[in-house]
>>> print(open('run02.pdb').read())   # PDB, C-alpha atoms, pLDDT in the B column
ATOM      1  CA  MET D   9      27.886  57.236  50.585  1.00 47.00           C
ATOM      2  CA  ARG D  10      26.957  54.440  52.986  1.00 54.00           C
ATOM      3  CA  GLN D  11      23.381  53.440  53.574  1.00 58.00           C
ATOM      4  CA  ASN D  12      22.350  52.197  56.998  1.00 68.00           C
ATOM      5  CA  ASN D  13      20.019  49.462  55.711  1.00 80.00           C
ATOM      6  CA  LEU D  14      22.823  46.962  54.928  1.00 85.00           C
ATOM      7  CA  PRO D  15      24.874  46.553  58.127  1.00 87.00           C
ATOM      8  CA  SER D  16      26.136  43.074  57.146  1.00 89.00           C
ATOM      9  CA  LEU D  17      27.527  44.421  53.886  1.00 90.00           C
ATOM     10  CA  HIS D  18      29.262  47.245  55.730  1.00 89.00           C
ATOM     11  CA  THR D  19      30.813  44.738  58.150  1.00 92.00           C
ATOM     12  CA  LEU D  20      32.093  42.653  55.227  1.00 92.00           C
ATOM     13  CA  ALA D  21      33.499  45.717  53.474  1.00 92.00           C
ATOM     14  CA  SER D  22      35.239  46.855  56.664  1.00 94.00           C
ATOM     15  CA  GLY D  23      36.807  43.428  57.135  1.00 94.00           C
ATOM     16  CA  ILE D  24      38.059  43.341  53.547  1.00 94.00           C
ATOM     17  CA  HIS D  25      39.473  46.838  53.932  1.00 95.00           C
ATOM     18  CA  ARG D  26      41.264  45.906  57.208  1.00 96.00           C
ATOM     19  CA  ASP D  27      42.804  42.806  55.581  1.00 95.00           C
ATOM     20  CA  ARG D  28      43.487  44.486  52.250  1.00 95.00           C
ATOM     21  CA  ASP D  29      47.042  43.142  51.883  1.00 94.00           C
ATOM     22  CA  ALA D  30      45.924  39.573  52.581  1.00 91.00           C
ATOM     23  CA  VAL D  31      43.010  39.889  50.141  1.00 92.00           C
ATOM     24  CA  ILE D  32      45.279  41.196  47.385  1.00 93.00           C
ATOM     25  CA  ALA D  33      47.813  38.431  48.044  1.00 90.00           C
ATOM     26  CA  GLY D  34      45.090  35.790  47.967  1.00 87.00           C
ATOM     27  CA  LEU D  35      43.801  37.033  44.634  1.00 90.00           C
ATOM     28  CA  THR D  36      47.153  37.579  42.916  1.00 93.00           C
ATOM     29  CA  LEU D  37      49.642  34.994  44.193  1.00 91.00           C
ATOM     30  CA  PRO D  38      49.788  31.546  42.556  1.00 90.00           C
ATOM     31  CA  TRP D  39      49.805  29.647  45.864  1.00 86.00           C
ATOM     32  CA  ASN D  40      46.724  28.443  47.706  1.00 83.00           C
ATOM     33  CA  SER D  41      45.796  26.229  50.624  1.00 85.00           C
ATOM     34  CA  GLY D  42      43.172  24.177  48.795  1.00 86.00           C
ATOM     35  CA  VAL D  43      44.722  20.792  49.553  1.00 89.00           C
ATOM     36  CA  VAL D  44      45.133  21.608  53.237  1.00 91.00           C
ATOM     37  CA  GLU D  45      41.551  22.879  53.435  1.00 90.00           C
ATOM     38  CA  GLY D  46      40.369  19.614  51.909  1.00 91.00           C
ATOM     39  CA  HIS D  47      42.144  17.618  54.614  1.00 91.00           C
ATOM     40  CA  VAL D  48      40.779  19.884  57.347  1.00 91.00           C
ATOM     41  CA  ASN D  49      37.269  19.468  55.952  1.00 92.00           C
ATOM     42  CA  ARG D  50      37.661  15.663  55.923  1.00 90.00           C
ATOM     43  CA  ILE D  51      38.915  15.587  59.518  1.00 89.00           C
ATOM     44  CA  LYS D  52      36.051  17.829  60.671  1.00 90.00           C
ATOM     45  CA  MET D  53      33.555  15.494  58.975  1.00 89.00           C
ATOM     46  CA  LEU D  54      35.062  12.490  60.783  1.00 86.00           C
ATOM     47  CA  LYS D  55      34.934  14.384  64.059  1.00 86.00           C
ATOM     48  CA  ARG D  56      31.267  15.317  63.544  1.00 86.00           C
ATOM     49  CA  GLN D  57      30.392  11.694  62.761  1.00 85.00           C
ATOM     50  CA  MET D  58      31.971  10.578  66.040  1.00 82.00           C
ATOM     51  CA  PHE D  59      30.610  13.373  68.238  1.00 82.00           C
ATOM     52  CA  GLY D  60      29.907  12.085  71.734  1.00 79.00           C
ATOM     53  CA  ARG D  61      30.864   8.506  70.885  1.00 79.00           C
ATOM     54  CA  ALA D  62      34.587   8.199  71.326  1.00 77.00           C
ATOM     55  CA  GLY D  63      37.718  10.001  72.370  1.00 83.00           C
ATOM     56  CA  PHE D  64      40.741  11.385  70.621  1.00 83.00           C
ATOM     57  CA  THR D  65      42.436   7.982  70.302  1.00 85.00           C
ATOM     58  CA  LEU D  66      39.730   6.582  68.012  1.00 85.00           C
ATOM     59  CA  LEU D  67      39.536   9.850  66.038  1.00 83.00           C
ATOM     60  CA  ARG D  68      43.308   9.688  65.489  1.00 85.00           C
ATOM     61  CA  LYS D  69      43.052   6.121  64.209  1.00 86.00           C
ATOM     62  CA  ARG D  70      40.231   7.012  61.829  1.00 84.00           C
ATOM     63  CA  VAL D  71      42.135  10.015  60.465  1.00 84.00           C
ATOM     64  CA  LEU D  72      45.294   7.982  59.902  1.00 87.00           C
ATOM     65  CA  LEU D  73      43.455   5.065  58.302  1.00 84.00           C
ATOM     66  CA  ALA D  74      41.050   7.085  56.146  1.00 73.00           C
TER      67      ALA D  74
END
>>> encode(input="run02.pdb", output="structure tokens")
Amino acid sequence: MRQNNLPSLHTLASGIHRDRDAVIAGLTLPWNSGVVEGHVNRIKMLKRQMFGRAGFTLLRKRVLLA
């Protein structure tokens, strides 16, 4: 039975239930996107460091040279 004092937990549970196939695949398949996520995280860090200072051209150069 659900209790109404944990709405965030109910939202999480509903989301997991809606994406059940994706959750099962993520937990059981041998593949992952860890390397890609690492690159995305690095690019986001570079972008945050440059916020308001330069345009896309400089960001592109920093990503390619980093």
>>> residues_around(input="run02.pdb", residues="Val71 (chain D)", least_positions_apart="4", cutoff="10 Å", atoms="only C-alpha atoms", output="JSON, numbers by chain")
{"D": [47, 50, 51, 52, 54, 55, 66, 67]}
>>> atom_distance(input="run02.pdb", atom1="CA of Ala21 (chain D)", atom2="CA of Asn40 (chain D)")
22.5 Å
>>> atom_distance(input="run02.pdb", atom1="CA of Gly42 (chain D)", atom2="CA of Ala30 (chain D)")
16.1 Å
>>> atom_distance(input="run02.pdb", atom1="CA of Glu45 (chain D)", atom2="CA of Leu72 (chain D)")
16.7 Å
>>> axis_aligned_box(input="run02.pdb", around="region 14-23 of chain D", padding_each_side="4 Å", output="JSON")
{"center_x": 29.8, "center_y": 44.9, "center_z": 55.8, "size_x": 22.0, "size_y": 12.6, "size_z": 12.7}
